[in-house]
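Containing PDB, C-alpha atoms: target.pdb.
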MODEL        1
ATOM      1  CA  MET A   1       6.467   5.811 -25.690
ATOM      2  CA  LYS A   2       8.075   2.907 -23.839
ATOM      3  CA  ALA A   3       5.900   0.673 -21.687
ATOM      4  CA  ILE A   4       6.146  -2.687 -19.949
ATOM      5  CA  MET A   5       3.791  -5.240 -21.496
ATOM      6  CA  VAL A   6       2.450  -8.489 -20.048
ATOM      7  CA  ASN A   7       1.405 -10.629 -23.011
ATOM      8  CA  SER A   8       0.651 -13.723 -20.922
ATOM      9  CA  TYR A   9       0.404 -14.529 -17.228
ATOM     10  CA  GLY A  10       3.496 -16.013 -15.641
ATOM     11  CA  ALA A  11       6.765 -15.322 -13.840
ATOM     12  CA  PRO A  12       8.242 -11.803 -13.658
ATOM     13  CA  GLU A  13      10.192 -12.457 -16.840
ATOM     14  CA  VAL A  14       6.989 -12.376 -18.916
ATOM     15  CA  MET A  15       7.212  -8.585 -18.643
ATOM     16  CA  ARG A  16       8.888  -6.956 -21.626
ATOM     17  CA  ILE A  17       9.554  -3.332 -22.444
ATOM     18  CA  GLU A  18       8.005  -2.342 -25.780
ATOM     19  CA  GLU A  19       7.329   0.740 -27.872
ATOM     20  CA  VAL A  20       3.619   1.624 -27.882
ATOM     21  CA  ALA A  21       1.524   4.575 -29.006
ATOM     22  CA  ASP A  22       0.964   7.476 -26.621
ATOM     23  CA  PRO A  23      -2.547   7.412 -25.108
ATOM     24  CA  VAL A  24      -4.849  10.305 -26.002
ATOM     25  CA  PRO A  25      -7.099  11.738 -23.270
ATOM     26  CA  GLY A  26     -10.834  11.681 -23.899
ATOM     27  CA  GLU A  27     -13.718  13.259 -22.008
ATOM     28  CA  GLY A  28     -12.789  13.747 -18.335
ATOM     29  CA  GLN A  29      -9.354  12.185 -18.782
ATOM     30  CA  VAL A  30      -5.764  13.378 -18.329
ATOM     31  CA  LEU A  31      -2.437  12.152 -19.684
ATOM     32  CA  VAL A  32       0.375  12.028 -17.109
ATOM     33  CA  LYS A  33       4.059  11.953 -18.032
ATOM     34  CA  LEU A  34       5.483   9.672 -15.345
ATOM     35  CA  TYR A  35       8.778  10.269 -13.583
ATOM     36  CA  ALA A  36       8.383   7.462 -11.028
ATOM     37  CA  VAL A  37       6.278   4.293 -10.818
ATOM     38  CA  GLY A  38       5.349   2.430  -7.634
ATOM     39  CA  VAL A  39       5.759  -1.355  -7.439
ATOM     40  CA  ASN A  40       3.265  -3.183  -5.218
ATOM     41  CA  PRO A  41       2.924  -6.856  -4.233
ATOM     42  CA  VAL A  42      -0.550  -6.838  -5.812
ATOM     43  CA  ASP A  43       1.113  -6.083  -9.176
ATOM     44  CA  THR A  44       2.891  -9.439  -8.921
ATOM     45  CA  TYR A  45      -0.318 -11.329  -8.069
ATOM     46  CA  ILE A  46      -2.086  -9.823 -11.085
ATOM     47  CA  ARG A  47       0.866 -10.610 -13.376
ATOM     48  CA  SER A  48       0.947 -14.228 -12.222
ATOM     49  CA  GLY A  49      -2.760 -14.697 -12.987
ATOM     50  CA  SER A  50      -3.666 -15.468  -9.352
ATOM     51  CA  TYR A  51      -5.790 -12.356  -8.768
ATOM     52  CA  GLY A  52      -8.815 -12.999 -10.947
ATOM     53  CA  ASN A  53      -9.443 -10.986 -14.097
ATOM     54  CA  VAL A  54      -8.362  -7.583 -12.783
ATOM     55  CA  ALA A  55      -6.173  -7.252 -15.885
ATOM     56  CA  VAL A  56      -6.256  -9.482 -18.956
ATOM     57  CA  PRO A  57      -3.181  -9.818 -21.217
ATOM     58  CA  PRO A  58      -1.928  -8.006 -23.118
ATOM     59  CA  TYR A  59      -1.754  -5.161 -20.613
ATOM     60  CA  THR A  60       0.625  -2.723 -18.945
ATOM     61  CA  PRO A  61       0.962  -3.343 -15.193
ATOM     62  CA  GLY A  62       0.904  -0.759 -12.457
ATOM     63  CA  ILE A  63      -1.495   1.258 -10.318
ATOM     64  CA  ASP A  64       0.739   3.891  -8.709
ATOM     65  CA  GLY A  65       2.969   6.608 -10.126
ATOM     66  CA  ALA A  66       3.856  10.279 -10.053
ATOM     67  CA  GLY A  67       4.637  12.874 -12.685
ATOM     68  CA  VAL A  68       3.314  15.909 -14.499
ATOM     69  CA  ILE A  69       0.068  16.301 -16.426
ATOM     70  CA  GLU A  70       0.965  16.538 -20.110
ATOM     71  CA  ALA A  71      -2.499  16.855 -21.677
ATOM     72  CA  VAL A  72      -6.133  17.107 -20.593
ATOM     73  CA  GLY A  73      -9.286  16.009 -22.364
ATOM     74  CA  PRO A  74     -12.622  17.820 -22.738
ATOM     75  CA  GLY A  75     -14.509  18.455 -19.509
ATOM     76  CA  VAL A  76     -11.488  18.400 -17.183
ATOM     77  CA  LYS A  77     -11.924  21.225 -14.677
ATOM     78  CA  HIS A  78      -9.669  20.500 -11.698
ATOM     79  CA  ARG A  79      -6.371  19.497 -13.311
ATOM     80  CA  LYS A  80      -4.144  21.494 -15.646
ATOM     81  CA  VAL A  81      -1.182  20.893 -17.928
ATOM     82  CA  GLY A  82       2.092  21.121 -16.011
ATOM     83  CA  GLN A  83       0.579  20.195 -12.638
ATOM     84  CA  ARG A  84       2.549  17.791 -10.400
ATOM     85  CA  VAL A  85       0.388  14.823  -9.384
ATOM     86  CA  TYR A  86       0.530  11.382  -7.906
ATOM     87  CA  VAL A  87      -1.499   8.671  -9.639
ATOM     88  CA  ALA A  88      -3.641   6.228  -7.664
ATOM     89  CA  TRP A  89      -5.314   3.957 -10.244
ATOM     90  CA  CYS A  90      -5.305   4.635 -13.955
ATOM     91  CA  LEU A  91      -6.739   3.430 -17.246
ATOM     92  CA  THR A  92      -3.643   2.204 -19.092
ATOM     93  CA  GLY A  93      -1.134   1.045 -16.430
ATOM     94  CA  THR A  94       1.711   2.976 -14.851
ATOM     95  CA  TYR A  95       4.721   0.845 -15.858
ATOM     96  CA  ALA A  96       5.239   3.236 -18.748
ATOM     97  CA  GLU A  97       6.538   6.657 -19.686
ATOM     98  CA  LYS A  98       2.969   7.994 -19.757
ATOM     99  CA  THR A  99      -0.370   6.856 -18.398
ATOM    100  CA  LEU A 100      -3.990   7.775 -19.071
ATOM    101  CA  CYS A 101      -6.164   8.523 -16.033
ATOM    102  CA  LYS A 102      -9.600   9.710 -15.124
ATOM    103  CA  GLU A 103      -9.316  13.230 -13.735
ATOM    104  CA  PHE A 104      -9.750  12.194 -10.098
ATOM    105  CA  GLN A 105      -7.404   9.232 -10.327
ATOM    106  CA  THR A 106      -4.745  11.949 -10.074
ATOM    107  CA  HIS A 107      -4.060  13.957  -6.934
ATOM    108  CA  PRO A 108      -1.928  17.072  -6.317
ATOM    109  CA  LEU A 109       1.647  16.279  -5.245
ATOM    110  CA  PRO A 110       3.025  18.865  -2.796
ATOM    111  CA  GLU A 111       6.262  20.555  -3.852
ATOM    112  CA  GLY A 112       8.151  19.195  -0.857
ATOM    113  CA  LEU A 113       7.803  15.599  -2.079
ATOM    114  CA  SER A 114       9.856  13.938  -4.808
ATOM    115  CA  PHE A 115       8.222  12.060  -7.671
ATOM    116  CA  SER A 116       9.561   8.811  -6.172
ATOM    117  CA  GLN A 117       7.816   9.625  -2.897
ATOM    118  CA  GLY A 118       4.664  10.442  -4.840
ATOM    119  CA  ALA A 119       4.822   7.024  -6.504
ATOM    120  CA  ALA A 120       4.901   5.482  -3.017
ATOM    121  CA  VAL A 121       1.571   6.979  -1.921
ATOM    122  CA  GLY A 122      -1.311   5.277  -3.759
ATOM    123  CA  VAL A 123      -1.728   1.636  -2.758
ATOM    124  CA  PRO A 124       0.285   1.656   0.513
ATOM    125  CA  TYR A 125      -1.276   4.735   2.056
ATOM    126  CA  ALA A 126      -4.790   4.079   0.749
ATOM    127  CA  THR A 127      -4.574   0.525   2.110
ATOM    128  CA  GLY A 128      -3.320   1.736   5.487
ATOM    129  CA  TYR A 129      -6.058   4.363   5.756
ATOM    130  CA  ARG A 130      -8.849   2.032   4.670
ATOM    131  CA  ALA A 131      -7.696  -0.711   7.053
ATOM    132  CA  LEU A 132      -7.380   1.561  10.083
ATOM    133  CA  PHE A 133     -10.322   3.887   9.650
ATOM    134  CA  GLN A 134     -12.843   2.527   7.135
ATOM    135  CA  LYS A 135     -12.636  -1.100   8.293
ATOM    136  CA  ALA A 136     -11.326  -1.168  11.893
ATOM    137  CA  HIS A 137     -12.885   2.224  12.742
ATOM    138  CA  ALA A 138      -9.864   2.935  14.960
ATOM    139  CA  GLN A 139     -10.318   5.707  17.526
ATOM    140  CA  PRO A 140      -7.774   7.986  19.234
ATOM    141  CA  GLY A 141      -6.276   6.299  22.283
ATOM    142  CA  GLU A 142      -6.751   2.750  20.997
ATOM    143  CA  GLN A 143      -3.829   0.307  20.926
ATOM    144  CA  VAL A 144      -2.910  -0.848  17.408
ATOM    145  CA  LEU A 145      -0.381  -3.454  16.295
ATOM    146  CA  ILE A 146       0.927  -3.228  12.744
ATOM    147  CA  HIS A 147       2.602  -6.373  11.463
ATOM    148  CA  GLY A 148       5.411  -5.853   8.933
ATOM    149  CA  ALA A 149       5.575  -2.194   9.875
ATOM    150  CA  SER A 150       8.807  -1.532   7.952
ATOM    151  CA  GLY A 151       7.194  -2.295   4.570
ATOM    152  CA  GLY A 152       5.275   0.106   2.363
ATOM    153  CA  VAL A 153       1.801  -0.453   3.832
ATOM    154  CA  GLY A 154       3.263  -0.841   7.322
ATOM    155  CA  ILE A 155       5.060   2.518   7.249
ATOM    156  CA  ALA A 156       1.912   4.184   5.946
ATOM    157  CA  ALA A 157      -0.191   2.650   8.724
ATOM    158  CA  VAL A 158       2.319   3.675  11.398
ATOM    159  CA  GLN A 159       2.316   7.291  10.225
ATOM    160  CA  LEU A 160      -1.456   7.415   9.811
ATOM    161  CA  GLY A 161      -2.077   5.833  13.209
ATOM    162  CA  ARG A 162       0.341   8.085  15.058
ATOM    163  CA  ALA A 163      -1.125  11.209  13.439
ATOM    164  CA  ALA A 164      -4.633  10.116  14.498
ATOM    165  CA  GLY A 165      -3.736   9.636  18.160
ATOM    166  CA  LEU A 166      -3.466   5.847  18.247
ATOM    167  CA  ARG A 167      -0.952   4.024  20.424
ATOM    168  CA  VAL A 168       1.146   2.290  17.753
ATOM    169  CA  ILE A 169       3.208  -0.891  18.091
ATOM    170  CA  GLY A 170       5.019  -2.087  14.969
ATOM    171  CA  THR A 171       6.787  -5.354  14.159
ATOM    172  CA  ALA A 172       9.836  -5.846  11.964
ATOM    173  CA  GLY A 173      12.291  -8.685  11.466
ATOM    174  CA  SER A 174      15.589  -6.818  11.741
ATOM    175  CA  GLU A 175      17.194  -4.226  13.983
ATOM    176  CA  GLN A 176      17.374  -1.822  11.036
ATOM    177  CA  GLY A 177      13.686  -2.346  10.331
ATOM    178  CA  ARG A 178      12.730  -1.752  13.956
ATOM    179  CA  ARG A 179      14.749   1.470  14.044
ATOM    180  CA  LEU A 180      12.888   2.630  10.946
ATOM    181  CA  VAL A 181       9.524   1.754  12.505
ATOM    182  CA  LEU A 182      10.341   3.916  15.534
ATOM    183  CA  GLU A 183      11.578   6.749  13.300
ATOM    184  CA  MET A 184       8.257   6.630  11.430
ATOM    185  CA  GLY A 185       6.346   7.260  14.651
ATOM    186  CA  ALA A 186       5.642   3.937  16.361
ATOM    187  CA  HIS A 187       5.705   4.053  20.160
ATOM    188  CA  GLN A 188       7.288   0.584  20.315
ATOM    189  CA  ALA A 189       8.817  -1.868  17.848
ATOM    190  CA  ILE A 190       9.169  -5.620  18.403
ATOM    191  CA  ASP A 191      10.855  -8.497  16.574
ATOM    192  CA  HIS A 192       8.288 -10.670  14.800
ATOM    193  CA  HIS A 193      10.821 -13.497  14.484
ATOM    194  CA  GLN A 194      10.652 -14.071  18.252
ATOM    195  CA  PRO A 195       8.150 -16.862  18.995
ATOM    196  CA  ASP A 196       6.650 -14.912  21.896
ATOM    197  CA  HIS A 197       6.333 -11.584  20.078
ATOM    198  CA  MET A 198       2.543 -11.483  20.323
ATOM    199  CA  GLU A 199       2.724 -12.056  24.084
ATOM    200  CA  LYS A 200       5.186  -9.158  24.256
ATOM    201  CA  ALA A 201       2.833  -6.980  22.220
ATOM    202  CA  LYS A 202       0.018  -7.737  24.659
ATOM    203  CA  GLU A 203       2.312  -6.937  27.608
ATOM    204  CA  LEU A 204       2.944  -3.497  26.100
ATOM    205  CA  THR A 205      -0.783  -2.780  26.495
ATOM    206  CA  CYS A 206      -0.515  -3.449  30.277
ATOM    207  CA  GLY A 207      -2.203  -6.783  29.594
ATOM    208  CA  GLN A 208      -5.397  -5.219  28.275
ATOM    209  CA  GLY A 209      -4.900  -6.516  24.732
ATOM    210  CA  LEU A 210      -4.812  -4.878  21.343
ATOM    211  CA  ASP A 211      -7.798  -2.991  20.014
ATOM    212  CA  VAL A 212      -6.706  -3.255  16.361
ATOM    213  CA  ILE A 213      -4.241  -5.480  14.500
ATOM    214  CA  ILE A 214      -3.311  -4.762  10.886
ATOM    215  CA  GLU A 215      -2.356  -8.180   9.525
ATOM    216  CA  MET A 216      -0.049  -8.524   6.505
ATOM    217  CA  LEU A 217       0.430 -12.319   6.636
ATOM    218  CA  ALA A 218      -2.732 -13.859   8.032
ATOM    219  CA  ASN A 219      -1.812 -17.450   7.151
ATOM    220  CA  GLN A 220       1.053 -17.222   9.641
ATOM    221  CA  ASN A 221      -0.260 -14.932  12.370
ATOM    222  CA  LEU A 222      -4.065 -14.967  12.588
ATOM    223  CA  ALA A 223      -4.424 -17.583  15.344
ATOM    224  CA  MET A 224      -1.900 -15.695  17.509
ATOM    225  CA  ASP A 225      -3.587 -12.368  16.709
ATOM    226  CA  LEU A 226      -6.900 -13.594  18.108
ATOM    227  CA  GLN A 227      -5.258 -14.458  21.427
ATOM    228  CA  ALA A 228      -3.786 -10.947  21.750
ATOM    229  CA  LEU A 229      -6.960  -8.894  21.220
ATOM    230  CA  ALA A 230      -8.788  -6.785  23.780
ATOM    231  CA  LYS A 231     -12.548  -7.085  24.155
ATOM    232  CA  GLY A 232     -14.108  -5.838  20.946
ATOM    233  CA  GLY A 233     -10.746  -6.065  19.200
ATOM    234  CA  ARG A 234     -10.512  -6.161  15.415
ATOM    235  CA  VAL A 235      -8.046  -7.864  13.067
ATOM    236  CA  VAL A 236      -8.000  -6.428   9.547
ATOM    237  CA  VAL A 237      -6.530  -8.887   7.040
ATOM    238  CA  VAL A 238      -4.570  -6.906   4.463
ATOM    239  CA  GLY A 239      -2.279  -9.693   3.249
ATOM    240  CA  ASN A 240      -2.377 -13.487   3.104
ATOM    241  CA  ARG A 241      -0.479 -16.238   1.278
ATOM    242  CA  GLY A 242      -2.176 -19.459   2.292
ATOM    243  CA  THR A 243      -4.513 -21.154   4.754
ATOM    244  CA  ILE A 244      -4.532 -21.339   8.536
ATOM    245  CA  GLU A 245      -6.553 -23.170  11.184
ATOM    246  CA  ILE A 246      -8.092 -21.012  13.922
ATOM    247  CA  ASP A 247     -10.363 -21.677  16.892
ATOM    248  CA  PRO A 248     -13.519 -19.560  16.440
ATOM    249  CA  ARG A 249     -13.987 -19.629  20.223
ATOM    250  CA  ALA A 250     -11.158 -17.084  20.410
ATOM    251  CA  THR A 251     -13.465 -14.573  18.724
ATOM    252  CA  MET A 252     -16.384 -15.472  20.994
ATOM    253  CA  SER A 253     -14.524 -14.923  24.254
ATOM    254  CA  GLN A 254     -13.585 -11.356  23.337
ATOM    255  CA  ASP A 255     -16.443 -10.376  21.017
ATOM    256  CA  SER A 256     -13.670  -9.806  18.485
ATOM    257  CA  MET A 257     -13.830  -9.578  14.715
ATOM    258  CA  VAL A 258     -11.736 -10.658  11.734
ATOM    259  CA  ILE A 259     -12.304  -8.277   8.825
ATOM    260  CA  GLY A 260     -11.106  -8.928   5.294
ATOM    261  CA  MET A 261     -10.092  -6.019   3.099
ATOM    262  CA  ALA A 262      -9.160  -5.442  -0.531
ATOM    263  CA  LEU A 263      -8.548  -1.963  -1.881
ATOM    264  CA  PHE A 264     -10.194  -3.013  -5.155
ATOM    265  CA  ASN A 265     -13.526  -3.081  -3.281
ATOM    266  CA  ALA A 266     -13.361   0.587  -2.272
ATOM    267  CA  SER A 267     -16.105   2.738  -3.780
ATOM    268  CA  GLU A 268     -15.430   6.044  -5.503
ATOM    269  CA  GLN A 269     -16.670   7.829  -2.385
ATOM    270  CA  ASP A 270     -14.370   5.707  -0.197
ATOM    271  CA  LEU A 271     -11.414   6.621  -2.408
ATOM    272  CA  ALA A 272     -12.346  10.303  -2.415
ATOM    273  CA  THR A 273     -12.384  10.273   1.393
ATOM    274  CA  ILE A 274      -9.075   8.417   1.539
ATOM    275  CA  HIS A 275      -7.220  10.768  -0.794
ATOM    276  CA  ALA A 276      -8.631  13.887   0.852
ATOM    277  CA  ALA A 277      -7.114  12.648   4.109
ATOM    278  CA  LEU A 278      -3.847  11.605   2.456
ATOM    279  CA  GLY A 279      -3.546  14.955   0.699
ATOM    280  CA  ALA A 280      -3.837  16.767   4.013
ATOM    281  CA  GLY A 281      -1.199  14.535   5.591
ATOM    282  CA  LEU A 282       1.216  15.013   2.696
ATOM    283  CA  GLU A 283       0.764  18.779   2.911
ATOM    284  CA  ASN A 284       1.301  19.066   6.652
ATOM    285  CA  GLY A 285       4.197  16.597   6.743
ATOM    286  CA  THR A 286       2.666  13.909   8.960
ATOM    287  CA  LEU A 287       2.850  11.490   6.000
ATOM    288  CA  ARG A 288       6.366  10.911   4.671
ATOM    289  CA  PRO A 289       6.664   8.122   2.066
ATOM    290  CA  VAL A 290       9.890   6.108   2.261
ATOM    291  CA  VAL A 291      11.556   4.811  -0.921
ATOM    292  CA  SER A 292      13.978   1.934  -0.434
ATOM    293  CA  LYS A 293      15.180   1.411  -3.994
ATOM    294  CA  GLU A 294      14.921   2.987  -7.450
ATOM    295  CA  LEU A 295      15.350   0.836 -10.582
ATOM    296  CA  PRO A 296      15.075   1.597 -14.308
ATOM    297  CA  LEU A 297      11.710   0.764 -15.882
ATOM    298  CA  ALA A 298      13.375  -2.002 -17.927
ATOM    299  CA  GLU A 299      14.193  -3.822 -14.664
ATOM    300  CA  ALA A 300      10.542  -4.371 -13.730
ATOM    301  CA  ALA A 301      11.133  -8.137 -13.453
ATOM    302  CA  THR A 302      13.875  -7.573 -10.868
ATOM    303  CA  ALA A 303      11.539  -5.302  -8.916
ATOM    304  CA  HIS A 304       8.827  -7.987  -8.890
ATOM    305  CA  HIS A 305      11.259 -10.586  -7.561
ATOM    306  CA  GLU A 306      12.478  -8.262  -4.826
ATOM    307  CA  VAL A 307       9.085  -7.027  -3.644
ATOM    308  CA  ILE A 308       8.003 -10.630  -2.957
ATOM    309  CA  GLU A 309      11.206 -12.499  -2.169
ATOM    310  CA  SER A 310      13.123 -10.057   0.041
ATOM    311  CA  SER A 311      12.456  -7.769   2.982
ATOM    312  CA  THR A 312      12.284  -4.200   1.745
ATOM    313  CA  PHE A 313      12.026  -1.065   3.830
ATOM    314  CA  GLY A 314       9.427   1.162   2.267
ATOM    315  CA  LYS A 315       8.755   1.207  -1.463
ATOM    316  CA  ILE A 316      10.487  -0.026  -4.616
ATOM    317  CA  VAL A 317      10.126   2.487  -7.444
ATOM    318  CA  LEU A 318      10.735   2.215 -11.189
ATOM    319  CA  LEU A 319      12.083   5.196 -13.124
ATOM    320  CA  PRO A 320      10.790   5.482 -16.732
TER
ENDMDL
END

Final structure tokens representation of the file:
Amino acid sequence: MKAIMVNSYGAPEVMRIEEVADPVPGEGQVLVKLYAVGVNPVDTYIRSGSYGNVAVPPYTPGIDGAGVIEAVGPGVKHRKVGQRVYVAWCLTGTYAEKTLCKEFQTHPLPEGLSFSQGAAVGVPYATGYRALFQKAHAQPGEQVLIHGASGGVGIAAVQLGRAAGLRVIGTAGSEQGRRLVLEMGAHQAIDHHQPDHMEKAKELTCGQGLDVIIEMLANQNLAMDLQALAKGGRVVVVGNRGTIEIDPRATMSQDSMVIGMALFNASEQDLATIHAALGAGLENGTLRPVVSKELPLAEAATAHHEVIESSTFGKIVLLP
């Protein structure tokens, strides 16, 4: 089969498509023939070598994908050959024509969703769910601000928050992005390029402040976030690309919290809870993954440049 290989850390161009042997499922494992592969910012951090030893070269990148189960190993009881699934984590990487997974790293993909939409579920929707509900413990009726709400994680968080009864405000940097944020279910959308956008967000809460902020770029926004929180407000840091100076007194005055989050820290039970909730949302239509661009698998380097260097609406997907 064809697979992207990273033989050394570096720029996107270190990724090369190669011919490798098909994986063979062992005890409790399944082999998935992939029809779409999700590209995530975290894939680029791992490839560059800036994300610890999550993957050591040579390796095949990728966490997310969607396809059909081609083979099952001994002991597999809940998946069958021919079943449509989305992949959220795997054993051999998803930037390939096939990937090897533990049984419960695969999840049923409803018939109404395309494989490309299935490839857009794993990291974005699991991150959005974990940030809102496992970390911020958001409750119906609370006011939530989602930074970068037109991106993959942002769209997921908007849909999840709206379905759970939160009052959702999303930010985006273009008129097209703000229209998309509203279409995805946000009650309001504001321009994060405006210097007073956090003051405007607070005004939309009738001056009470935000109960939850999902932060995609903490090094730029965290100090402003702390000024916009309600009493007991929580900022969940999902993304960050540098350092920032904050005044800790801003947390004292509101009894507020800054909570860090990495999906890699989720336990198996956390992930089981997440994907049970996501499965229900995919089935009932409240969760609707958005795919912005599809590229051939061989253009993985282009996808890595675009996911970091340009504003994308929704998810970039590779097609094996």

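Separating atom CA of A:Leu160 from atom CA of A:Ile213 is a distance of 14.0 Å.
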
Who sits within 9 Å of A:Val168, only C-alpha atoms, same chain under 2 positions skipped, as a list in words: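 Everything that qualifies: Glu142, Gln143, Val144, Leu145, Ile146, Val158, Gly161, Arg162, Gly165, Leu166, Gly170, Gly185, Ala186, His187, Gln188 and Ala189 of chain A.
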
Atomic distance atom CA of A:Val235 - atom CA of A:Ala156, expressed in Å with one decimal: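 Interatomic distance here is 17.2 Å.
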
Answer key for the PyMOL selection byres ((chain A and resi 232) around 9), residues as a PyMOL selection string: chain A and resi 211+229-231+233-234+254-257

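Between atom CA of A:Pro25 and atom CA of A:Gly67 lies a distance of 15.8 Å.
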
Residues matched by the PyMOL selection byres ((chain A and resi 289) around 7), written as JSON, numbers by chain: {"A": [117, 120, 121, 287, 288, 290, 291]}

Shell of 8 Å around stretch 91-104 of chain A, only C-alpha atoms, local chain residues under 6 positions omitted, as a ChimeraX atom specification: /A:1-4,22-25,28-35,37,59-65,76,78-79,297,318,320
